[in-house]
Amino acid sequence: MPDTLAHFGIQIIASKALFREADARWIGIGCLLPDLPWILQRAALALGWANPVGLRLYAVIQSSLFFSLLLAAALSLQAAQSRRVFLLLTWNCLLHLLLDPLEIKWGNGSLLAAPFSWQLTSFALFWPEDMPPRLLALLGLLLFPAAAWLDIRRRELCFIRNKQRQAAGLLLLLLYILLPFGLFSGPLKKDNHFAATLLAENRSSSWIDFDRWPYQAGSQSILAYSGETLRLAVPFDSLPAQDGTLSGRGRFLSHSEVLLAEWHLHRSGRDLRSLAGLFLLIAVWSVAIREKRITIRRPC
């Protein structure tokens, strides 16, 4: 998916063009919401809190448009102009999930119609290290802090202290957290992210696509998100001679060996750009709080 800075670059322009009073602070939140499950998934994996395949399915479900809008609704209920904020967050969640499939992500994509359909959407136009994501990231790095600073100076963001709103927001948040546990069968049946394939006892002859898995050149192997190491083989070309991040498509020769039909070694600072975007968003909201441009009041 495009990194966070790239999302900032295009979504600031698109949102400001569509919504007259669009605030960059809320645009930034809208850019983040569909990626929040993936950020939390990394933290949970690092702490060993859950089965990695189950955790992947949970993140797949939560990152869908439907669940992103549940979280957007929970947040917007706390704002004074809740309808306007919800529309802005909705637009940015949708735009985020339409931008993500533009990059080539084998075995990955956006869920736009879940829980009614678990078909992943993928347009696959360019790799993360190609020029379009890099240019958009540069645009986001320049445009987002400038737009946010102007909006901080021009207007306050007002939140409402109201028990009914807080209760409704909490209910939506609980649905966002708990409802995915009842929906695992959908992405499993569709074999989203090849989770069912990785869980199968007999994988021989099964096809698998994978997106940016850690690669070890010495052992010519990849580390699957399930936590297991898979050996790689290629019919014609040699594998990369250096460690890195690899995407590939192939077929299982045995339970732990994959014959690759295609592979791509990533040479991109995408994760660093996403991390920079996340810290930039935190900094923008921190500045707004420090400058007292965010207020909390009771309803009139």
# chains A, B, ... in the order shown; residues from 1 in each chain; ligands from 1
>>> residues_around(residues="segment 235-251 of chain A", least_positions_apart="6", cutoff="8 Å", atoms="only C-alpha atoms", output="compact mmCIF listing (two decimals) with N, CA, C and O atoms, in the first residue's frame")
# COMPACT_ATOMS: atom_id res chain seq x y z
N LYS A 105 0.75 -5.73 -5.00
CA LYS A 105 0.83 -6.41 -3.72
C LYS A 105 0.30 -7.82 -3.93
O LYS A 105 -0.90 -8.06 -3.82
N TRP A 106 1.19 -8.74 -4.28
CA TRP A 106 0.76 -10.11 -4.53
C TRP A 106 0.13 -10.71 -3.28
O TRP A 106 0.70 -10.68 -2.20
N SER A 204 1.00 -29.34 -0.60
CA SER A 204 1.67 -29.70 -1.85
C SER A 204 0.78 -29.37 -3.03
O SER A 204 -0.42 -29.69 -3.05
N SER A 205 1.36 -28.68 -4.00
CA SER A 205 0.70 -28.25 -5.25
C SER A 205 -0.20 -27.04 -5.05
O SER A 205 -0.77 -26.53 -6.03
N SER A 206 -0.35 -26.55 -3.81
CA SER A 206 -1.17 -25.35 -3.59
C SER A 206 -0.40 -24.10 -4.02
O SER A 206 0.81 -24.00 -3.82
N TRP A 207 -1.12 -23.16 -4.59
CA TRP A 207 -0.53 -21.89 -5.03
C TRP A 207 -0.47 -20.91 -3.86
O TRP A 207 -1.34 -20.93 -2.99
N ILE A 208 0.55 -20.06 -3.85
CA ILE A 208 0.65 -19.03 -2.83
C ILE A 208 1.26 -17.76 -3.42
O ILE A 208 2.20 -17.83 -4.24
N ASP A 209 0.69 -16.62 -3.08
CA ASP A 209 1.28 -15.31 -3.35
C ASP A 209 1.65 -14.71 -2.01
O ASP A 209 0.93 -14.88 -1.03
N PHE A 210 2.75 -13.99 -1.95
CA PHE A 210 3.11 -13.32 -0.69
C PHE A 210 3.66 -11.94 -0.98
O PHE A 210 4.29 -11.69 -2.01
N ASP A 211 3.41 -11.06 -0.03
CA ASP A 211 3.71 -9.63 -0.19
C ASP A 211 4.70 -9.18 0.87
O ASP A 211 4.35 -9.13 2.05
N ARG A 212 5.93 -8.90 0.48
CA ARG A 212 6.96 -8.30 1.33
C ARG A 212 7.23 -9.12 2.59
O ARG A 212 7.04 -8.65 3.70
N TRP A 213 7.70 -10.33 2.39
CA TRP A 213 8.10 -11.18 3.51
C TRP A 213 9.61 -11.10 3.68
O TRP A 213 10.35 -10.99 2.68
N PRO A 214 10.14 -11.18 4.91
CA PRO A 214 11.59 -11.15 5.12
C PRO A 214 12.29 -12.31 4.41
O PRO A 214 11.84 -13.47 4.50
N TYR A 215 13.39 -12.00 3.74
CA TYR A 215 14.12 -12.98 2.93
C TYR A 215 15.55 -13.13 3.44
O TYR A 215 16.23 -12.13 3.71
N GLN A 216 16.00 -14.39 3.57
CA GLN A 216 17.37 -14.71 3.96
C GLN A 216 18.09 -15.32 2.77
O GLN A 216 17.74 -16.40 2.30
N ALA A 217 19.12 -14.60 2.27
CA ALA A 217 19.83 -15.07 1.07
C ALA A 217 20.64 -16.34 1.35
O ALA A 217 20.73 -17.22 0.49
N GLY A 218 21.24 -16.42 2.53
CA GLY A 218 22.10 -17.57 2.83
C GLY A 218 21.36 -18.88 2.76
O GLY A 218 21.87 -19.87 2.19
N GLN A 220 18.28 -19.09 1.39
CA GLN A 220 17.28 -18.94 0.32
C GLN A 220 15.89 -19.30 0.86
O GLN A 220 15.21 -20.20 0.37
N ILE A 222 12.23 -17.63 3.12
CA ILE A 222 11.42 -16.49 3.56
C ILE A 222 10.75 -16.84 4.88
O ILE A 222 10.51 -18.01 5.19
N VAL A 258 8.70 -23.82 -1.58
CA VAL A 258 7.88 -23.15 -2.59
C VAL A 258 8.71 -22.99 -3.85
O VAL A 258 9.84 -22.47 -3.82
N LEU A 259 8.17 -23.40 -4.98
CA LEU A 259 8.78 -23.18 -6.29
C LEU A 259 8.24 -21.87 -6.83
O LEU A 259 7.04 -21.76 -7.13
N LEU A 260 9.09 -20.86 -6.94
CA LEU A 260 8.64 -19.54 -7.37
C LEU A 260 8.48 -19.45 -8.88
O LEU A 260 9.35 -19.90 -9.64
N ALA A 261 7.39 -18.83 -9.31
CA ALA A 261 7.20 -18.51 -10.72
C ALA A 261 7.66 -17.08 -10.99
O ALA A 261 8.15 -16.76 -12.08
N GLU A 262 7.48 -16.19 -9.99
CA GLU A 262 7.91 -14.79 -10.09
C GLU A 262 8.38 -14.33 -8.72
O GLU A 262 7.89 -14.81 -7.70
N TRP A 263 9.32 -13.39 -8.70
CA TRP A 263 9.71 -12.78 -7.43
C TRP A 263 10.15 -11.34 -7.68
O TRP A 263 10.52 -10.96 -8.80
N HIS A 264 10.09 -10.55 -6.61
CA HIS A 264 10.50 -9.15 -6.69
C HIS A 264 11.15 -8.77 -5.36
O HIS A 264 10.55 -8.94 -4.30
N LEU A 265 12.40 -8.29 -5.43
CA LEU A 265 13.10 -7.84 -4.24
C LEU A 265 12.84 -6.35 -4.05
O LEU A 265 13.06 -5.55 -4.96
N HIS A 266 12.37 -5.97 -2.88
CA HIS A 266 12.01 -4.58 -2.61
C HIS A 266 13.22 -3.79 -2.14
O HIS A 266 13.97 -4.24 -1.27
N ARG A 267 13.39 -2.63 -2.73
CA ARG A 267 14.44 -1.70 -2.32
C ARG A 267 13.78 -0.34 -2.07
O ARG A 267 13.83 0.56 -2.89
>>> residues_around(residues="Ile27 of chain A", least_positions_apart="6", cutoff="8 Å", atoms="only C-alpha atoms", output="PyMOL selection string")
chain A and resi 8+11-12+15+88-89+92
>>> closest_atom_pairs(of="segment 22-89 of chain A", to="segment 136-151 of chain A", cutoff="7 Å", atoms="only C-alpha atoms", output="tab-separated table")
residue	atom	partner	partner_atom	distance
A:Asp23	CA	A:Asp151	CA	6.1
A:Ala24	CA	A:Ala148	CA	4.9
A:Arg25	CA	A:Ala148	CA	6.0
>>> write_last_selection(atoms="all heavy atoms", output="PDB file, in the first residue's frame")
ATOM      1  N   ASP A  23     -10.510  20.025   7.432  1.00  0.00           N
ATOM      2  CA  ASP A  23      -9.387  20.323   8.314  1.00  0.00           C
ATOM      3  C   ASP A  23      -8.324  19.237   8.160  1.00  0.00           C
ATOM      4  O   ASP A  23      -8.628  18.048   8.240  1.00  0.00           O
ATOM      5  CB  ASP A  23      -9.865  20.397   9.764  1.00  0.00           C
ATOM      6  CG  ASP A  23      -8.820  20.995  10.689  1.00  0.00           C
ATOM      7  OD1 ASP A  23      -7.787  20.339  10.914  1.00  0.00           O
ATOM      8  OD2 ASP A  23      -9.038  22.121  11.182  1.00  0.00           O
ATOM      9  N   ALA A  24      -7.080  19.657   7.965  1.00  0.00           N
ATOM     10  CA  ALA A  24      -5.994  18.704   7.728  1.00  0.00           C
ATOM     11  C   ALA A  24      -5.799  17.755   8.895  1.00  0.00           C
ATOM     12  O   ALA A  24      -5.346  16.616   8.709  1.00  0.00           O
ATOM     13  CB  ALA A  24      -4.700  19.458   7.433  1.00  0.00           C
ATOM     14  N   ARG A  25      -6.137  18.186  10.101  1.00  0.00           N
ATOM     15  CA  ARG A  25      -5.990  17.302  11.259  1.00  0.00           C
ATOM     16  C   ARG A  25      -6.911  16.086  11.138  1.00  0.00           C
ATOM     17  O   ARG A  25      -6.496  14.954  11.407  1.00  0.00           O
ATOM     18  CB  ARG A  25      -6.277  18.084  12.547  1.00  0.00           C
ATOM     19  CG  ARG A  25      -5.186  19.070  12.924  1.00  0.00           C
ATOM     20  CD  ARG A  25      -5.652  20.063  13.976  1.00  0.00           C
ATOM     21  NE  ARG A  25      -6.551  21.065  13.417  1.00  0.00           N
ATOM     22  CZ  ARG A  25      -7.067  22.085  14.107  1.00  0.00           C
ATOM     23  NH1 ARG A  25      -6.766  22.235  15.386  1.00  0.00           N
ATOM     24  NH2 ARG A  25      -7.872  22.966  13.529  1.00  0.00           N
TER      25      ARG A  25
END
>>> select_by_dssp(residues="segment 52-260 of chain A", states="strand (DSSP E or B)", output="NGL selection string")
:A and (79 or 103 or 110 or 121 or 126 or 157-160 or 207-216 or 221-223 or 229-233 or 244-254 or 257-260)
>>> closest_atom_pairs(of="segment 168-201 of chain A", to="segment 36-58 of chain A", cutoff="8 Å", atoms="only C-alpha atoms", output="JSON lines")
{"residue": "A:Pro180", "atom": "CA", "partner": "A:Tyr58", "partner_atom": "CA", "distance": 6.1}
{"residue": "A:Phe181", "atom": "CA", "partner": "A:Tyr58", "partner_atom": "CA", "distance": 7.2}
{"residue": "A:Phe184", "atom": "CA", "partner": "A:Leu57", "partner_atom": "CA", "distance": 6.6}
{"residue": "A:Pro187", "atom": "CA", "partner": "A:Leu57", "partner_atom": "CA", "distance": 7.0}
{"residue": "A:Leu188", "atom": "CA", "partner": "A:Leu57", "partner_atom": "CA", "distance": 7.8}
{"residue": "A:Asn192", "atom": "CA", "partner": "A:Leu57", "partner_atom": "CA", "distance": 7.9}
{"residue": "A:Ala195", "atom": "CA", "partner": "A:Val53", "partner_atom": "CA", "distance": 6.5}
>>> closest_residue(among="A:Arg20, A:Lys189, A:Trp127, A:Phe66", to="Tyr176 of chain A", atoms="only C-alpha atoms")
A:Phe66
>>> select_by_dssp(residues="segment 5-88 of chain A", states="alpha helix (DSSP H)", output="PyMOL selection string")
chain A and resi 5-18+24-32+36-47+52-62+65-76+82-88
>>> atom_distance(atom1="atom CA of Ala114 of chain A", atom2="atom CA of His193 of chain A")
14.8 Å
>>> residues_around(residues="Leu178 of chain A", least_positions_apart="3", cutoff="12 Å", atoms="only C-alpha atoms", output="PyMOL selection string")
chain A and resi 58+61-62+67+70+170-175+181-184
>>> closest_residue(among="A:Phe19, A:Phe252, A:Trp26, A:Phe194", to="Leu120 of chain A", atoms="only C-alpha atoms")
A:Phe194
>>> closest_residue(among="A:Pro299, A:Ala22, A:Arg293, A:Leu32", to="Phe279 of chain A", atoms="only C-alpha atoms")
A:Leu32
>>> closest_residue(among="A:Leu112, A:Leu102, A:Ala80, A:Leu230", to="Pro133 of chain A", atoms="only C-alpha atoms")
A:Leu102
>>> residues_around(residues="Lys163 of chain A", least_positions_apart="2", cutoff="12 Å", atoms="only C-alpha atoms", output="PyMOL selection string")
chain A and resi 77-78+160-161+165-170+298-299
>>> write_last_selection(atoms="N, CA, C and O atoms", output="JSON list (two decimals), in the first residue's frame")
[["chain", "number", "residue", "atom", "x", "y", "z"],
["A", 77, "LEU", "N", -18.55, 11.08, 16.53],
["A", 77, "LEU", "CA", -19.57, 11.38, 17.53],
["A", 77, "LEU", "C", -19.05, 12.28, 18.65],
["A", 77, "LEU", "O", -19.82, 12.95, 19.34],
["A", 78, "GLN", "N", -17.76, 12.29, 18.83],
["A", 78, "GLN", "CA", -17.17, 13.10, 19.90],
["A", 78, "GLN", "C", -16.93, 14.54, 19.45],
["A", 78, "GLN", "O", -16.61, 15.40, 20.28],
["A", 160, "ILE", "N", -17.27, 17.45, 22.16],
["A", 160, "ILE", "CA", -18.42, 17.59, 23.03],
["A", 160, "ILE", "C", -18.33, 16.61, 24.20],
["A", 160, "ILE", "O", -18.08, 15.41, 24.00],
["A", 161, "ARG", "N", -18.54, 17.12, 25.41],
["A", 161, "ARG", "CA", -18.61, 16.28, 26.59],
["A", 161, "ARG", "C", -20.07, 15.94, 26.84],
["A", 161, "ARG", "O", -20.84, 16.75, 27.35],
["A", 165, "ARG", "N", -23.31, 10.69, 23.78],
["A", 165, "ARG", "CA", -22.35, 10.56, 22.68],
["A", 165, "ARG", "C", -21.21, 9.61, 23.05],
["A", 165, "ARG", "O", -20.79, 8.79, 22.24],
["A", 166, "GLN", "N", -20.70, 9.75, 24.27],
["A", 166, "GLN", "CA", -19.62, 8.87, 24.70],
["A", 166, "GLN", "C", -20.07, 7.41, 24.74],
["A", 166, "GLN", "O", -19.34, 6.50, 24.35],
["A", 167, "ALA", "N", -21.30, 7.18, 25.20],
["A", 167, "ALA", "CA", -21.83, 5.81, 25.26],
["A", 167, "ALA", "C", -21.99, 5.22, 23.86],
["A", 167, "ALA", "O", -21.63, 4.05, 23.61],
["A", 168, "ALA", "N", -22.51, 6.02, 22.92],
["A", 168, "ALA", "CA", -22.67, 5.55, 21.55],
["A", 168, "ALA", "C", -21.30, 5.27, 20.91],
["A", 168, "ALA", "O", -21.12, 4.27, 20.21],
["A", 169, "GLY", "N", -20.36, 6.16, 21.17],
["A", 169, "GLY", "CA", -19.01, 5.95, 20.64],
["A", 169, "GLY", "C", -18.37, 4.71, 21.20],
["A", 169, "GLY", "O", -17.70, 3.95, 20.48],
["A", 170, "LEU", "N", -18.57, 4.46, 22.50],
["A", 170, "LEU", "CA", -18.02, 3.25, 23.12],
["A", 170, "LEU", "C", -18.64, 2.00, 22.55],
["A", 170, "LEU", "O", -17.94, 1.00, 22.31],
["A", 298, "ARG", "N", -19.34, 21.32, 26.99],
["A", 298, "ARG", "CA", -20.64, 20.66, 27.09],
["A", 298, "ARG", "C", -21.54, 21.16, 25.97],
["A", 298, "ARG", "O", -21.38, 22.29, 25.50],
["A", 299, "PRO", "N", -22.50, 20.31, 25.53],
["A", 299, "PRO", "CA", -23.41, 20.76, 24.46],
["A", 299, "PRO", "C", -24.25, 21.94, 24.89],
["A", 299, "PRO", "O", -24.59, 22.08, 26.08]]
>>> residues_around(residues="Leu95 of chain A", least_positions_apart="4", cutoff="9 Å", atoms="only C-alpha atoms", output="short mmCIF file (atom, residue, chain, number, x, y, z; two decimals) with C-alpha atoms, in the first residue's frame")
data_model
loop_
_atom_site.label_atom_id
_atom_site.label_comp_id
_atom_site.auth_asym_id
_atom_site.auth_seq_id
_atom_site.Cartn_x
_atom_site.Cartn_y
_atom_site.Cartn_z
CA HIS A 7 -1.62 9.15 1.45
CA GLN A 11 -5.72 12.98 0.21
CA ALA A 14 -8.65 15.60 -2.81
CA CYS A 31 -5.67 8.56 6.26
CA THR A 90 -15.60 8.39 5.42
CA TRP A 91 -14.25 10.03 2.27
CA LEU A 99 -5.32 4.12 -3.39
CA ASP A 100 -3.86 1.05 -1.67
#
>>> closest_residue(among="A:Leu278, A:Ile289, A:Leu223, A:Ile296", to="Glu257 of chain A", atoms="only C-alpha atoms")
A:Leu223
>>> atom_distance(atom1="atom CA of Ser185 of chain A", atom2="atom CA of Trp118 of chain A")
10.1 Å
>>> atom_distance(atom1="atom CA of Ala224 of chain A", atom2="atom CA of Asn202 of chain A")
16.5 Å
>>> decode(residues="segment 243-255 of chain A", atoms="N, CA and C atoms", output="tab-separated table (two decimals), in the first residue's frame")
chain	number	residue	atom	x	y	z
A	243	ASP	N	20.17	-10.26	1.62
A	243	ASP	CA	18.95	-10.30	2.43
A	243	ASP	C	18.07	-9.10	2.11
A	244	GLY	N	16.79	-9.22	2.37
A	244	GLY	CA	15.90	-8.09	2.12
A	244	GLY	C	14.45	-8.47	2.33
A	245	THR	N	13.59	-7.79	1.61
A	245	THR	CA	12.15	-8.04	1.65
A	245	THR	C	11.71	-8.50	0.27
A	246	LEU	N	11.03	-9.63	0.23
A	246	LEU	CA	10.72	-10.27	-1.05
A	246	LEU	C	9.21	-10.45	-1.22
A	247	SER	N	8.74	-10.19	-2.42
A	247	SER	CA	7.39	-10.59	-2.82
A	247	SER	C	7.52	-11.70	-3.85
A	248	GLY	N	6.55	-12.60	-3.88
A	248	GLY	CA	6.67	-13.71	-4.82
A	248	GLY	C	5.36	-14.40	-5.08
A	249	ARG	N	5.40	-15.25	-6.11
A	249	ARG	CA	4.25	-16.07	-6.48
A	249	ARG	C	4.78	-17.44	-6.86
A	250	GLY	N	4.15	-18.47	-6.34
A	250	GLY	CA	4.65	-19.80	-6.65
A	250	GLY	C	3.74	-20.90	-6.14
A	251	ARG	N	4.27	-22.12	-6.18
A	251	ARG	CA	3.49	-23.31	-5.80
A	251	ARG	C	4.30	-24.14	-4.81
A	252	PHE	N	3.61	-24.67	-3.81
A	252	PHE	CA	4.27	-25.51	-2.83
A	252	PHE	C	4.72	-26.83	-3.46
A	253	LEU	N	6.02	-27.14	-3.32
A	253	LEU	CA	6.53	-28.45	-3.71
A	253	LEU	C	6.34	-29.45	-2.58
A	254	SER	N	6.43	-28.95	-1.37
A	254	SER	CA	6.20	-29.75	-0.17
A	254	SER	C	5.62	-28.83	0.89
A	255	HIS	N	5.55	-29.30	2.12
A	255	HIS	CA	4.95	-28.49	3.17
A	255	HIS	C	5.72	-27.21	3.43
